[in-house]
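First comes the structure, then the notes that go with it.
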Amino acid sequence: MFLLAWGPTTPAECATSADESDKPTGSRIGLALLPYVLVVIIIAITKLAKPVAAFFSSTDVKIPWPGIYGNLLTGDGSPSTAAIYTLQILSNPGTWIFVTGIIVAIVYGTNSSGGRFQTSVGEMFAVLPRTIYSLRMAILTIASVMALAFVMNFSGQTTSIGAALATTGAAFAFLSPILGWIGTAVAGSATSAGALFANLQSTAAAGAGLDPNILLAANTIGGGIGKIVSPQNLAIAATSVDAEGSDAEILKKAAPYSIGLLLVLCVLVFIASQGWLGSYMPH
């Protein structure tokens, strides 16, 4: 009774009181936007400012891959430069995203939004090893698929599979997005799916008399749709909201949307490959 006398007495008053106390201030909004604004500014400077980009590119280190460089040859018999690994120390956007993360960690660790969210710089930096550990299987899977993509491309397997798929003719246009969808669903990365199937899509398009640009776009978009059902992405989503183990439940609800969008994409790609969209297609 004493507490009720001094606090809000109706549900509406309670809701209003809670909403007012939780209203974000300008500083909290600024802190929330900081990572996104900062990464855009830093990437823009390092990539769009030509003198800066040229300087960073000059720091790249080229490493001929031991045991492969010199043994992997091009069609004319010369050593393939694809066996040279380029270590992009400063020119890689990932470096500057990492730098952004360090800056944000320091800012967040020294600002607690008016005492509402207490943390420290040490606690912010401790997030990195915990994240790497929780995503260790996803990282291993993506790295393995990328390695497989290089082996398949260098050995000619991708070209052979693409030539075989080209025998399906125009029907391959309908199947094209499914490759990107499968690649991303398995690897959890549209980048990995592109590395694995882009050359295959191009080879099959040439053999089937289809526009390779359409099939490459289909592979990329299909990969984006595949992310919806990728186990790695589902695990990341569940972990980020402290709901570990809910992956199966999320997949059950997300899969129908992913499959439905994939079928729509397959139909659109087939229509586009037949030239039925006319002036809607870019030239």
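Each chain of the structure tokens is named A, B, ... in the order shown, its residues numbered from 1; ligands are numbered from 1 in display order.
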
In region 59-251 of chain A, DSSP strand (DSSP E) residues written as number ranges by chain = A: 61-64, 84-87

What does the file look like for those residues with all heavy atoms, as a PDB file, in the first residue's frame?
```
ATOM      1  N   VAL A  61      51.870  -7.371 -49.705  1.00  0.00           N
ATOM      2  CA  VAL A  61      52.978  -8.324 -49.799  1.00  0.00           C
ATOM      3  C   VAL A  61      52.525  -9.508 -50.635  1.00  0.00           C
ATOM      4  O   VAL A  61      51.531 -10.165 -50.308  1.00  0.00           O
ATOM      5  CB  VAL A  61      53.415  -8.803 -48.401  1.00  0.00           C
ATOM      6  CG1 VAL A  61      54.550  -9.817 -48.516  1.00  0.00           C
ATOM      7  CG2 VAL A  61      53.837  -7.619 -47.538  1.00  0.00           C
ATOM      8  N   LYS A  62      53.243  -9.786 -51.724  1.00  0.00           N
ATOM      9  CA  LYS A  62      52.901 -10.901 -52.607  1.00  0.00           C
ATOM     10  C   LYS A  62      53.739 -12.121 -52.231  1.00  0.00           C
ATOM     11  O   LYS A  62      54.972 -12.037 -52.171  1.00  0.00           O
ATOM     12  CB  LYS A  62      53.118 -10.519 -54.070  1.00  0.00           C
ATOM     13  CG  LYS A  62      52.178  -9.398 -54.526  1.00  0.00           C
ATOM     14  CD  LYS A  62      52.300  -9.158 -56.019  1.00  0.00           C
ATOM     15  CE  LYS A  62      51.352  -8.033 -56.459  1.00  0.00           C
ATOM     16  NZ  LYS A  62      49.940  -8.402 -56.249  1.00  0.00           N
ATOM     17  N   ILE A  63      53.053 -13.234 -51.969  1.00  0.00           N
ATOM     18  CA  ILE A  63      53.718 -14.451 -51.507  1.00  0.00           C
ATOM     19  C   ILE A  63      53.413 -15.590 -52.479  1.00  0.00           C
ATOM     20  O   ILE A  63      52.272 -16.062 -52.541  1.00  0.00           O
ATOM     21  CB  ILE A  63      53.244 -14.835 -50.094  1.00  0.00           C
ATOM     22  CG1 ILE A  63      53.428 -13.658 -49.129  1.00  0.00           C
ATOM     23  CG2 ILE A  63      53.984 -16.074 -49.595  1.00  0.00           C
ATOM     24  CD1 ILE A  63      52.816 -13.880 -47.767  1.00  0.00           C
ATOM     25  N   PRO A  64      54.411 -16.037 -53.263  1.00  0.00           N
ATOM     26  CA  PRO A  64      54.191 -17.221 -54.111  1.00  0.00           C
ATOM     27  C   PRO A  64      53.916 -18.439 -53.227  1.00  0.00           C
ATOM     28  O   PRO A  64      54.693 -18.741 -52.321  1.00  0.00           O
ATOM     29  CB  PRO A  64      55.526 -17.367 -54.863  1.00  0.00           C
ATOM     30  CG  PRO A  64      56.168 -16.016 -54.782  1.00  0.00           C
ATOM     31  CD  PRO A  64      55.741 -15.444 -53.464  1.00  0.00           C
ATOM     32  N   ILE A  84      49.776 -16.870 -56.512  1.00  0.00           N
ATOM     33  CA  ILE A  84      50.481 -15.885 -55.693  1.00  0.00           C
ATOM     34  C   ILE A  84      49.475 -15.264 -54.733  1.00  0.00           C
ATOM     35  O   ILE A  84      48.490 -14.651 -55.153  1.00  0.00           O
ATOM     36  CB  ILE A  84      51.130 -14.791 -56.562  1.00  0.00           C
ATOM     37  CG1 ILE A  84      52.162 -15.405 -57.514  1.00  0.00           C
ATOM     38  CG2 ILE A  84      51.783 -13.730 -55.679  1.00  0.00           C
ATOM     39  CD1 ILE A  84      52.795 -14.386 -58.450  1.00  0.00           C
ATOM     40  N   TYR A  85      49.721 -15.415 -53.443  1.00  0.00           N
ATOM     41  CA  TYR A  85      48.814 -14.860 -52.437  1.00  0.00           C
ATOM     42  C   TYR A  85      49.214 -13.422 -52.121  1.00  0.00           C
ATOM     43  O   TYR A  85      50.389 -13.136 -51.875  1.00  0.00           O
ATOM     44  CB  TYR A  85      48.864 -15.692 -51.155  1.00  0.00           C
ATOM     45  CG  TYR A  85      48.055 -15.094 -50.029  1.00  0.00           C
ATOM     46  CD1 TYR A  85      46.664 -15.092 -50.079  1.00  0.00           C
ATOM     47  CD2 TYR A  85      48.685 -14.514 -48.927  1.00  0.00           C
ATOM     48  CE1 TYR A  85      45.912 -14.539 -49.054  1.00  0.00           C
ATOM     49  CE2 TYR A  85      47.940 -13.959 -47.902  1.00  0.00           C
ATOM     50  CZ  TYR A  85      46.554 -13.968 -47.974  1.00  0.00           C
ATOM     51  OH  TYR A  85      45.817 -13.409 -46.959  1.00  0.00           O
ATOM     52  N   THR A  86      48.246 -12.527 -52.165  1.00  0.00           N
ATOM     53  CA  THR A  86      48.502 -11.116 -51.860  1.00  0.00           C
ATOM     54  C   THR A  86      48.020 -10.813 -50.451  1.00  0.00           C
ATOM     55  O   THR A  86      46.826 -10.861 -50.168  1.00  0.00           O
ATOM     56  CB  THR A  86      47.793 -10.190 -52.863  1.00  0.00           C
ATOM     57  OG1 THR A  86      48.254 -10.486 -54.190  1.00  0.00           O
ATOM     58  CG2 THR A  86      48.099  -8.729 -52.544  1.00  0.00           C
ATOM     59  N   LEU A  87      48.965 -10.544 -49.564  1.00  0.00           N
ATOM     60  CA  LEU A  87      48.639 -10.194 -48.182  1.00  0.00           C
ATOM     61  C   LEU A  87      48.374  -8.699 -48.117  1.00  0.00           C
ATOM     62  O   LEU A  87      49.301  -7.891 -48.186  1.00  0.00           O
ATOM     63  CB  LEU A  87      49.781 -10.588 -47.253  1.00  0.00           C
ATOM     64  CG  LEU A  87      49.601 -10.254 -45.769  1.00  0.00           C
ATOM     65  CD1 LEU A  87      48.389 -10.984 -45.193  1.00  0.00           C
ATOM     66  CD2 LEU A  87      50.865 -10.602 -44.979  1.00  0.00           C
TER      67      LEU A  87
END
```

With only C-alpha atoms as the counted atoms, please give the residues lying no more than 8 Å from region 161-170 of chain A, apart from itself and same-chain residues fewer than 4 positions off, as an mmCIF file with C-alpha atoms, in the first residue's frame.
```cif
data_model
loop_
_atom_site.group_PDB
_atom_site.id
_atom_site.type_symbol
_atom_site.label_atom_id
_atom_site.label_comp_id
_atom_site.auth_asym_id
_atom_site.auth_seq_id
_atom_site.Cartn_x
_atom_site.Cartn_y
_atom_site.Cartn_z
ATOM 1 C CA GLN A 157 36.569 -29.526 -61.996
ATOM 2 C CA PHE A 174 15.898 -21.936 -63.937
ATOM 3 C CA ASN A 199 33.199 -19.865 -62.766
ATOM 4 C CA LEU A 200 30.785 -22.773 -63.129
ATOM 5 C CA GLN A 201 27.903 -20.406 -63.909
ATOM 6 C CA SER A 202 29.969 -18.601 -66.518
ATOM 7 C CA THR A 203 31.075 -21.857 -68.183
ATOM 8 C CA ALA A 204 27.542 -23.264 -68.241
ATOM 9 C CA ALA A 205 26.164 -19.997 -69.640
ATOM 10 C CA ALA A 206 28.664 -20.054 -72.503
ATOM 11 C CA GLY A 207 27.834 -23.669 -73.304
ATOM 12 C CA ALA A 208 24.063 -23.158 -73.143
ATOM 13 C CA GLY A 209 24.060 -19.902 -75.106
ATOM 14 C CA LEU A 210 22.800 -17.867 -72.134
ATOM 15 C CA PHE A 270 14.404 -18.061 -66.612
ATOM 16 C CA SER A 273 17.339 -15.407 -69.888
ATOM 17 C CA GLN A 274 14.773 -15.891 -72.646
#
```

Shell around Val229 (chain A) at 9 Å using only C-alpha atoms, local window under 4 positions removed, as a ChimeraX atom specification = /A:184-185,188,225,233-234,250-251,254-255,258

File of the preceding selection, N, CA and C atoms, as an mmCIF file, in the first residue's frame:
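And here is the file that came out, selection_18.cif:
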```
data_model
loop_
_atom_site.group_PDB
_atom_site.id
_atom_site.type_symbol
_atom_site.label_atom_id
_atom_site.label_comp_id
_atom_site.auth_asym_id
_atom_site.auth_seq_id
_atom_site.Cartn_x
_atom_site.Cartn_y
_atom_site.Cartn_z
ATOM 1 N N THR A 184 25.535 -20.968 -50.329
ATOM 2 C CA THR A 184 25.458 -20.132 -49.134
ATOM 3 C C THR A 184 24.812 -20.868 -47.973
ATOM 4 N N ALA A 185 23.814 -21.682 -48.249
ATOM 5 C CA ALA A 185 23.163 -22.441 -47.183
ATOM 6 C C ALA A 185 24.150 -23.371 -46.501
ATOM 7 N N GLY A 188 27.418 -20.684 -45.404
ATOM 8 C CA GLY A 188 27.059 -19.529 -44.591
ATOM 9 C C GLY A 188 27.583 -18.220 -45.133
ATOM 10 N N ILE A 225 19.501 -15.205 -50.622
ATOM 11 C CA ILE A 225 18.308 -15.889 -50.105
ATOM 12 C C ILE A 225 18.709 -17.108 -49.279
ATOM 13 N N ASN A 233 24.472 -18.863 -40.075
ATOM 14 C CA ASN A 233 23.797 -17.581 -39.841
ATOM 15 C C ASN A 233 22.714 -17.707 -38.776
ATOM 16 N N LEU A 234 22.041 -18.843 -38.763
ATOM 17 C CA LEU A 234 21.031 -19.062 -37.730
ATOM 18 C C LEU A 234 21.680 -19.134 -36.346
ATOM 19 N N ILE A 250 14.024 -21.445 -35.371
ATOM 20 C CA ILE A 250 14.137 -20.330 -36.311
ATOM 21 C C ILE A 250 14.101 -20.842 -37.744
ATOM 22 N N LEU A 251 14.827 -21.948 -37.994
ATOM 23 C CA LEU A 251 14.869 -22.530 -39.341
ATOM 24 C C LEU A 251 13.479 -22.960 -39.788
ATOM 25 N N ALA A 254 11.694 -19.865 -40.867
ATOM 26 C CA ALA A 254 12.313 -19.081 -41.943
ATOM 27 C C ALA A 254 12.369 -19.824 -43.273
ATOM 28 N N ALA A 255 12.457 -21.166 -43.230
ATOM 29 C CA ALA A 255 12.638 -21.961 -44.443
ATOM 30 C C ALA A 255 11.554 -21.725 -45.501
ATOM 31 N N SER A 258 12.358 -18.589 -47.422
ATOM 32 C CA SER A 258 13.540 -18.729 -48.261
ATOM 33 C C SER A 258 13.238 -19.537 -49.518
#
```

Got a sec to tell me which of region 46-267 of chain A DSSP assigns to helix (DSSP H, G or I), as a ChimeraX atom specification?
-> /A:46-48,50-57,81-83,93-110,121-134,136-155,157-168,171-187,190-208,212-229,231-240,247-267

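Closest approach to Thr159 (chain A) among A:Gly109, A:Ala198, A:Pro93, A:Leu128: A:Ala198, based on only C-alpha atoms.
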
Find the distance between CA of Gly94 (chain A) and CA of Phe154 (chain A) and write it in Å to one decimal.
->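 Computing the Euclidean distance for CA of Gly94 (chain A) and CA of Phe154 (chain A) yields 26.0 Å.
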